[in-house]
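Printed here is protein.pdb (PDB, C-alpha atoms and all ligand atoms):
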```pdb
ATOM      1  CA  MET A   1     -13.361  15.694 -42.102  1.00  0.00           C
ATOM      2  CA  LYS A   2     -11.551  18.729 -40.769  1.00  0.00           C
ATOM      3  CA  LEU A   3     -11.299  18.963 -36.980  1.00  0.00           C
ATOM      4  CA  LYS A   4     -12.377  22.338 -35.692  1.00  0.00           C
ATOM      5  CA  PRO A   5     -10.292  23.747 -32.824  1.00  0.00           C
ATOM      6  CA  VAL A   6     -13.415  24.215 -30.739  1.00  0.00           C
ATOM      7  CA  ASN A   7     -14.204  20.490 -31.013  1.00  0.00           C
ATOM      8  CA  ILE A   8     -10.700  19.548 -29.931  1.00  0.00           C
ATOM      9  CA  PHE A   9     -11.073  21.911 -27.004  1.00  0.00           C
ATOM     10  CA  LEU A  10     -14.430  20.419 -26.028  1.00  0.00           C
ATOM     11  CA  PHE A  11     -13.040  16.907 -26.327  1.00  0.00           C
ATOM     12  CA  MET A  12     -10.113  17.810 -24.052  1.00  0.00           C
ATOM     13  CA  CYS A  13     -12.509  19.337 -21.501  1.00  0.00           C
ATOM     14  CA  LEU A  14     -14.622  16.198 -21.546  1.00  0.00           C
ATOM     15  CA  ALA A  15     -11.561  13.979 -21.188  1.00  0.00           C
ATOM     16  CA  PHE A  16     -10.383  16.095 -18.250  1.00  0.00           C
ATOM     17  CA  ILE A  17     -13.723  15.815 -16.471  1.00  0.00           C
ATOM     18  CA  VAL A  18     -14.003  12.061 -17.017  1.00  0.00           C
ATOM     19  CA  PHE A  19     -10.410  11.437 -15.950  1.00  0.00           C
ATOM     20  CA  SER A  20     -10.606  13.626 -12.834  1.00  0.00           C
ATOM     21  CA  SER A  21     -13.910  12.235 -11.664  1.00  0.00           C
ATOM     22  CA  THR A  22     -12.707   8.649 -12.175  1.00  0.00           C
ATOM     23  CA  ILE A  23      -9.665   9.283 -10.040  1.00  0.00           C
ATOM     24  CA  TYR A  24     -11.546  10.952  -7.196  1.00  0.00           C
ATOM     25  CA  ILE A  25     -14.556   8.660  -7.203  1.00  0.00           C
ATOM     26  CA  LYS A  26     -12.729   5.336  -7.571  1.00  0.00           C
ATOM     27  CA  PRO A  27     -11.732   4.866  -3.904  1.00  0.00           C
ATOM     28  CA  TYR A  28     -15.348   5.402  -2.868  1.00  0.00           C
ATOM     29  CA  ILE A  29     -16.629   2.954  -5.461  1.00  0.00           C
ATOM     30  CA  LEU A  30     -14.128   0.385  -4.284  1.00  0.00           C
ATOM     31  CA  ASN A  31     -15.111   1.275  -0.727  1.00  0.00           C
ATOM     32  CA  LYS A  32     -11.446   1.142   0.077  1.00  0.00           C
ATOM     33  CA  TYR A  33     -11.569   3.325   3.174  1.00  0.00           C
ATOM     34  CA  LYS A  34     -14.534   1.656   4.825  1.00  0.00           C
ATOM     35  CA  LYS A  35     -13.163  -1.827   4.275  1.00  0.00           C
ATOM     36  CA  ASN A  36      -9.792  -1.125   5.795  1.00  0.00           C
ATOM     37  CA  PRO A  37      -9.772   0.292   9.341  1.00  0.00           C
ATOM     38  CA  GLN A  38      -5.973  -0.033   9.420  1.00  0.00           C
ATOM     39  CA  LEU A  39      -5.778   2.430   6.523  1.00  0.00           C
ATOM     40  CA  ILE A  40      -8.009   4.955   8.303  1.00  0.00           C
ATOM     41  CA  GLU A  41      -6.025   4.676  11.492  1.00  0.00           C
ATOM     42  CA  SER A  42      -2.714   5.039   9.702  1.00  0.00           C
ATOM     43  CA  SER A  43      -3.852   8.111   7.786  1.00  0.00           C
ATOM     44  CA  GLU A  44      -4.844   9.668  11.114  1.00  0.00           C
ATOM     45  CA  GLY A  45      -1.405   8.622  12.314  1.00  0.00           C
ATOM     46  CA  ARG A  46       0.181  10.503   9.466  1.00  0.00           C
ATOM     47  CA  LEU A  47      -1.512  13.650  10.789  1.00  0.00           C
ATOM     48  CA  VAL A  48       0.028  13.010  14.222  1.00  0.00           C
ATOM     49  CA  TRP A  49       3.391  12.476  12.514  1.00  0.00           C
ATOM     50  CA  GLN A  50       2.982  15.853  10.801  1.00  0.00           C
ATOM     51  CA  LYS A  51       1.633  17.643  13.877  1.00  0.00           C
ATOM     52  CA  TYR A  52       4.722  16.772  15.938  1.00  0.00           C
ATOM     53  CA  ASN A  53       7.040  17.114  12.965  1.00  0.00           C
ATOM     54  CA  CYS A  54       8.791  13.773  13.494  1.00  0.00           C
ATOM     55  CA  GLN A  55      10.177  14.148   9.973  1.00  0.00           C
ATOM     56  CA  SER A  56      12.378  17.034  11.108  1.00  0.00           C
ATOM     57  CA  CYS A  57      14.687  14.493  12.787  1.00  0.00           C
ATOM     58  CA  HIS A  58      13.633  11.170  11.200  1.00  0.00           C
ATOM     59  CA  GLN A  59      13.463   9.915   7.651  1.00  0.00           C
ATOM     60  CA  LEU A  60      11.021   7.765   5.735  1.00  0.00           C
ATOM     61  CA  TYR A  61      12.742   6.167   2.752  1.00  0.00           C
ATOM     62  CA  GLY A  62      15.792   8.290   3.490  1.00  0.00           C
ATOM     63  CA  LEU A  63      13.940  11.609   3.284  1.00  0.00           C
ATOM     64  CA  GLY A  64      13.734  13.884   6.295  1.00  0.00           C
ATOM     65  CA  GLY A  65      16.041  15.192   8.985  1.00  0.00           C
ATOM     66  CA  TYR A  66      19.180  13.305   9.954  1.00  0.00           C
ATOM     67  CA  LEU A  67      19.367  13.701  13.713  1.00  0.00           C
ATOM     68  CA  GLY A  68      17.462  10.472  14.359  1.00  0.00           C
ATOM     69  CA  PRO A  69      17.378   7.165  12.460  1.00  0.00           C
ATOM     70  CA  ASP A  70      15.218   6.222   9.465  1.00  0.00           C
ATOM     71  CA  LEU A  71      11.863   4.936  10.710  1.00  0.00           C
ATOM     72  CA  THR A  72      10.504   3.263   7.573  1.00  0.00           C
ATOM     73  CA  ASN A  73      11.124  -0.247   8.886  1.00  0.00           C
ATOM     74  CA  VAL A  74      11.349   0.347  12.612  1.00  0.00           C
ATOM     75  CA  TYR A  75       8.069  -1.542  13.046  1.00  0.00           C
ATOM     76  CA  SER A  76       9.509  -4.834  11.784  1.00  0.00           C
ATOM     77  CA  ALA A  77      13.150  -4.334  12.774  1.00  0.00           C
ATOM     78  CA  PRO A  78      14.511  -7.182  14.898  1.00  0.00           C
ATOM     79  CA  GLY A  79      14.334  -6.297  18.584  1.00  0.00           C
ATOM     80  CA  LYS A  80      12.202  -3.205  17.902  1.00  0.00           C
ATOM     81  CA  GLY A  81       8.559  -3.095  16.811  1.00  0.00           C
ATOM     82  CA  GLU A  82       5.457  -1.866  18.564  1.00  0.00           C
ATOM     83  CA  LEU A  83       6.547  -2.198  22.197  1.00  0.00           C
ATOM     84  CA  PHE A  84       9.874  -0.557  21.479  1.00  0.00           C
ATOM     85  CA  ILE A  85       8.252   2.386  19.656  1.00  0.00           C
ATOM     86  CA  ASN A  86       5.755   2.780  22.498  1.00  0.00           C
ATOM     87  CA  ALA A  87       8.542   2.858  25.056  1.00  0.00           C
ATOM     88  CA  MET A  88      10.613   5.259  22.952  1.00  0.00           C
ATOM     89  CA  LEU A  89       7.720   7.709  22.648  1.00  0.00           C
ATOM     90  CA  LYS A  90       6.907   7.524  26.359  1.00  0.00           C
ATOM     91  CA  THR A  91      10.415   7.908  27.712  1.00  0.00           C
ATOM     92  CA  GLY A  92      12.416   9.661  24.980  1.00  0.00           C
ATOM     93  CA  THR A  93      16.208   9.844  25.200  1.00  0.00           C
ATOM     94  CA  PRO A  94      18.570  12.756  25.799  1.00  0.00           C
ATOM     95  CA  LYS A  95      18.447  13.356  22.036  1.00  0.00           C
ATOM     96  CA  MET A  96      14.802  12.477  21.399  1.00  0.00           C
ATOM     97  CA  PRO A  97      12.150  14.618  23.094  1.00  0.00           C
ATOM     98  CA  VAL A  98       9.156  13.185  24.989  1.00  0.00           C
ATOM     99  CA  TYR A  99       5.942  14.380  23.385  1.00  0.00           C
ATOM    100  CA  HIS A 100       3.391  13.383  26.040  1.00  0.00           C
ATOM    101  CA  LEU A 101       1.138  11.958  23.331  1.00  0.00           C
ATOM    102  CA  SER A 102      -2.339  10.740  24.236  1.00  0.00           C
ATOM    103  CA  GLU A 103      -3.006   6.992  23.989  1.00  0.00           C
ATOM    104  CA  ILE A 104      -5.034   7.477  20.821  1.00  0.00           C
ATOM    105  CA  GLU A 105      -2.321   9.592  19.173  1.00  0.00           C
ATOM    106  CA  GLN A 106       0.254   6.988  20.024  1.00  0.00           C
ATOM    107  CA  THR A 107      -1.885   4.123  18.648  1.00  0.00           C
ATOM    108  CA  ARG A 108      -2.445   6.056  15.415  1.00  0.00           C
ATOM    109  CA  LEU A 109       1.214   6.921  15.066  1.00  0.00           C
ATOM    110  CA  ILE A 110       2.137   3.275  15.428  1.00  0.00           C
ATOM    111  CA  ALA A 111      -0.479   2.298  12.839  1.00  0.00           C
ATOM    112  CA  PHE A 112       1.160   4.831  10.518  1.00  0.00           C
ATOM    113  CA  LEU A 113       4.613   3.355  11.093  1.00  0.00           C
ATOM    114  CA  LYS A 114       3.171  -0.120  10.520  1.00  0.00           C
ATOM    115  CA  THR A 115       1.766   0.937   7.139  1.00  0.00           C
ATOM    116  CA  ALA A 116       5.056   2.633   6.238  1.00  0.00           C
ATOM    117  CA  ASP A 117       6.842  -0.600   7.091  1.00  0.00           C
ATOM    118  CA  ALA A 118       4.459  -2.687   4.992  1.00  0.00           C
ATOM    119  CA  SER A 119       5.095  -0.412   1.977  1.00  0.00           C
ATOM    120  CA  GLY A 120       8.648  -1.689   1.452  1.00  0.00           C
ATOM    121  CA  SER A 121      12.193  -1.676   2.714  1.00  0.00           C
ATOM    122  CA  ALA A 122      14.200   1.513   3.107  1.00  0.00           C
ATOM    123  CA  ASP A 123      17.549  -0.185   3.450  1.00  0.00           C
ATOM    124  CA  PRO A 124      19.555   1.044   0.435  1.00  0.00           C
ATOM    125  CA  ARG A 125      21.561  -2.208   0.455  1.00  0.00           C
ATOM    126  CA  ASN A 126      18.406  -3.985  -0.779  1.00  0.00           C
ATOM    127  CA  PHE A 127      17.742  -1.530  -3.610  1.00  0.00           C
ATOM    128  CA  THR A 128      18.136  -2.480  -7.227  1.00  0.00           C
ATOM    129  CA  THR A 129      19.047   0.482  -9.412  1.00  0.00           C
ATOM    130  CA  LEU A 130      17.579   0.357 -12.897  1.00  0.00           C
ATOM    131  CA  TYR A 131      19.338   1.563 -16.067  1.00  0.00           C
ATOM    132  CA  ASN A 132      17.436   4.865 -15.925  1.00  0.00           C
ATOM    133  CA  GLY A 133      18.381   5.640 -12.315  1.00  0.00           C
ATOM    134  CA  MET A 134      15.032   4.595 -10.859  1.00  0.00           C
ATOM    135  CA  ILE A 135      15.160   2.448  -7.760  1.00  0.00           C
ATOM    136  CA  LEU A 136      13.259  -0.741  -7.059  1.00  0.00           C
ATOM    137  CA  ALA A 137      12.823  -1.117  -3.303  1.00  0.00           C
ATOM    138  CA  LYS A 138      12.028  -4.608  -2.050  1.00  0.00           C
TER
HETATM  139  C1  LIG B 201      14.615  16.541  17.943  1.00  0.00           C
HETATM  140  C2  LIG B 201      14.709  15.482  17.016  1.00  0.00           C
HETATM  141  C3  LIG B 201      13.672  14.373  17.080  1.00  0.00           C
HETATM  142  C4  LIG B 201      12.332  14.477  16.889  1.00  0.00           C
HETATM  143  C5  LIG B 201      11.539  15.730  16.562  1.00  0.00           C
HETATM  144  C6  LIG B 201      11.798  13.146  17.002  1.00  0.00           C
HETATM  145  N1  LIG B 201      12.797  12.253  17.270  1.00  0.00           N
HETATM  146 FE1  LIG B 201      12.636  10.233  17.435  1.00  0.00          FE
HETATM  147  N2  LIG B 201      14.617  10.081  17.763  1.00  0.00           N
HETATM  148  C7  LIG B 201      15.512  11.124  17.727  1.00  0.00           C
HETATM  149  C8  LIG B 201      16.853  10.607  17.958  1.00  0.00           C
HETATM  150  C9  LIG B 201      18.116  11.424  17.980  1.00  0.00           C
HETATM  151  C10 LIG B 201      16.708   9.207  18.113  1.00  0.00           C
HETATM  152  C11 LIG B 201      17.813   8.199  18.406  1.00  0.00           C
HETATM  153  C12 LIG B 201      17.767   7.932  19.882  1.00  0.00           C
HETATM  154  C13 LIG B 201      19.067   8.183  20.526  1.00  0.00           C
HETATM  155  O1  LIG B 201      20.082   7.856  19.937  1.00  0.00           O
HETATM  156  O2  LIG B 201      19.053   8.725  21.645  1.00  0.00           O
HETATM  157  C14 LIG B 201      15.304   8.905  17.977  1.00  0.00           C
HETATM  158  C15 LIG B 201      14.759   7.621  18.039  1.00  0.00           C
HETATM  159  C16 LIG B 201      13.461   7.319  17.749  1.00  0.00           C
HETATM  160  C17 LIG B 201      12.926   5.979  17.656  1.00  0.00           C
HETATM  161  C18 LIG B 201      13.736   4.689  17.815  1.00  0.00           C
HETATM  162  C19 LIG B 201      14.348   4.379  16.468  1.00  0.00           C
HETATM  163  C20 LIG B 201      15.329   3.247  16.455  1.00  0.00           C
HETATM  164  O3  LIG B 201      15.414   2.576  15.406  1.00  0.00           O
HETATM  165  O4  LIG B 201      16.032   3.053  17.448  1.00  0.00           O
HETATM  166  C21 LIG B 201      11.607   6.086  17.337  1.00  0.00           C
HETATM  167  C22 LIG B 201      10.609   4.946  17.101  1.00  0.00           C
HETATM  168  C23 LIG B 201      11.302   7.496  17.251  1.00  0.00           C
HETATM  169  N3  LIG B 201      12.449   8.214  17.498  1.00  0.00           N
HETATM  170  C24 LIG B 201      10.049   7.999  16.942  1.00  0.00           C
HETATM  171  C25 LIG B 201       9.770   9.353  16.832  1.00  0.00           C
HETATM  172  C26 LIG B 201       8.464   9.866  16.548  1.00  0.00           C
HETATM  173  C27 LIG B 201       7.230   9.025  16.262  1.00  0.00           C
HETATM  174  C28 LIG B 201       8.562  11.229  16.552  1.00  0.00           C
HETATM  175  C29 LIG B 201       7.455  12.235  16.383  1.00  0.00           C
HETATM  176  C30 LIG B 201       6.424  12.219  17.399  1.00  0.00           C
HETATM  177  C31 LIG B 201       9.949  11.566  16.823  1.00  0.00           C
HETATM  178  N4  LIG B 201      10.640  10.389  16.989  1.00  0.00           N
HETATM  179  C32 LIG B 201      10.448  12.847  16.860  1.00  0.00           C
HETATM  180  C33 LIG B 201      15.216  12.450  17.528  1.00  0.00           C
HETATM  181  C34 LIG B 201      13.969  12.972  17.320  1.00  0.00           C
END
```

If you took the structure in this file and wrote it as structure tokens, what would it be?
Ligand code: HEC
Amino acid sequence: MKLKPVNIFLFMCLAFIVFSSTIYIKPYILNKYKKNPQLIESSEGRLVWQKYNCQSCHQLYGLGGYLGPDLTNVYSAPGKGELFINAMLKTGTPKMPVYHLSEIEQTRLIAFLKTADASGSADPRNFTTLYNGMILAK
């Protein structure tokens, strides 16, 4: 049987629709967002992070500005964590501005940093470099 170009085109369109709808519908089918309040809070926290442009001075996984330290693992760093971040945001330092965040913004921001921390380690000393240059973070 000879494949007609129009059939190939229609097949590709169908594949595109099925693939796209699967990707966008899947989280709702799995009910991922409803089940996990931490995830909702941290995605709101990401918006706070973007609103105040923390990335202009800080990095996540080494990407961002270099005035302040990398914050990927600040949540679990020894001697730091939630109380430390709270204090840092409230008082600032001569190099780090005070943002006068509301309580809710601050809670969300910390939830975001907690999720970032849970996603892996940003310390390059723990990275394993693969033969193709990709990096496996622990
Ligand atoms: C103008 C640049 C700048 C911006 C913008 C900024 N910071 Fe900072 N931040 C710093 C600097 C610099 C330090 C290091 C403190 C010091 O040495 O005085 C710091 C330190 C911190 C620390 C402590 C990190 C550690 O490991 O000691 C946290 C947490 C932090 N910032 C969170 C934030 C958050 C959240 C935002 C966004 C609301 C933000 N920062 C925006 C400059 C900035």

Next on the checklist: When you count all atoms listed in the file, which of these residues is closest to Gly92 (chain A): A:Ser20, A:Val48, A:Gly68, A:Leu14?
Outcome noted: A:Gly68

Checklist entry - Any chance you could work out the residue set of the PyMOL selection byres (((chain A and resi 38-45) around 8) and not hetatm) here, as a PyMOL selection string? => result chain A and resi 33+36-37+46-49+105+107-115

What would the selection look like, as a compact mmCIF listing (two decimals) with C-alpha atoms, keeping the file's coordinate frame, if the PyMOL selection byres (((chain A and resi 116-131) around 8) and not hetatm) were run on the coordinates I just shared?
```
# COMPACT_ATOMS: atom_id res chain seq x y z
CA LEU A 60 11.02 7.76 5.74
CA TYR A 61 12.74 6.17 2.75
CA GLY A 62 15.79 8.29 3.49
CA ASP A 70 15.22 6.22 9.46
CA THR A 72 10.50 3.26 7.57
CA ASN A 73 11.12 -0.25 8.89
CA VAL A 74 11.35 0.35 12.61
CA TYR A 75 8.07 -1.54 13.05
CA SER A 76 9.51 -4.83 11.78
CA PHE A 112 1.16 4.83 10.52
CA LEU A 113 4.61 3.36 11.09
CA LYS A 114 3.17 -0.12 10.52
CA THR A 115 1.77 0.94 7.14
CA ASN A 132 17.44 4.86 -15.92
CA GLY A 133 18.38 5.64 -12.32
CA MET A 134 15.03 4.60 -10.86
CA ILE A 135 15.16 2.45 -7.76
CA LEU A 136 13.26 -0.74 -7.06
CA ALA A 137 12.82 -1.12 -3.30
CA LYS A 138 12.03 -4.61 -2.05
```

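As for CA of Tyr24 (chain A) and CA of Gln50 (chain A), they are spaced 23.6 Å apart.
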
Checklist entry - What gap, in Å, lies between CA of Phe84 (chain A) and CA of Tyr66 (chain A)? => result 20.3 Å

Using the file's own x, y and z axes, what box holds all listed atoms of ligand LIG 201 (chain B) with 4 Å on each side, keeping edges along x, y and z, and what are its centre and edge lengths in Å to one decimal, as JSON?
```
{"center_x": 13.3, "center_y": 9.6, "center_z": 18.5, "size_x": 21.7, "size_y": 22.0, "size_z": 14.2}
```

Checklist entry - Which is closer to ligand LIG 201 (chain B) than all the others in A:Lys90, A:His58, A:His100, A:Lys2, using all atoms listed in the file? => result A:His58

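Pairwise distance (CA of Gly79 (chain A), atom C19 of ligand LIG 201 (chain B)) equals 10.9 Å.
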
Item to check | Expansion of the PyMOL selection byres (((chain A and resi 99) around 12) and not hetatm) into residues, as an MDAnalysis selection string | outcome: chainID A and resid 48:49 51:54 86:93 96:98 100:103 105:106

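You can rank A:Ile85, A:Ile104, A:Pro78, A:Ile29 by their closest distance to ligand LIG 201 (chain B) using all atoms listed in the file, and at the top of that list sits A:Ile85.
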
Next on the checklist: Give me, as a ChimeraX atom specification, all polymer residues having an atom no more than 9 Å from Leu67 (chain A), counting only C-alpha atoms and skipping those fewer than 6 positions away in the same chain.
Outcome noted: /A:56-58,95
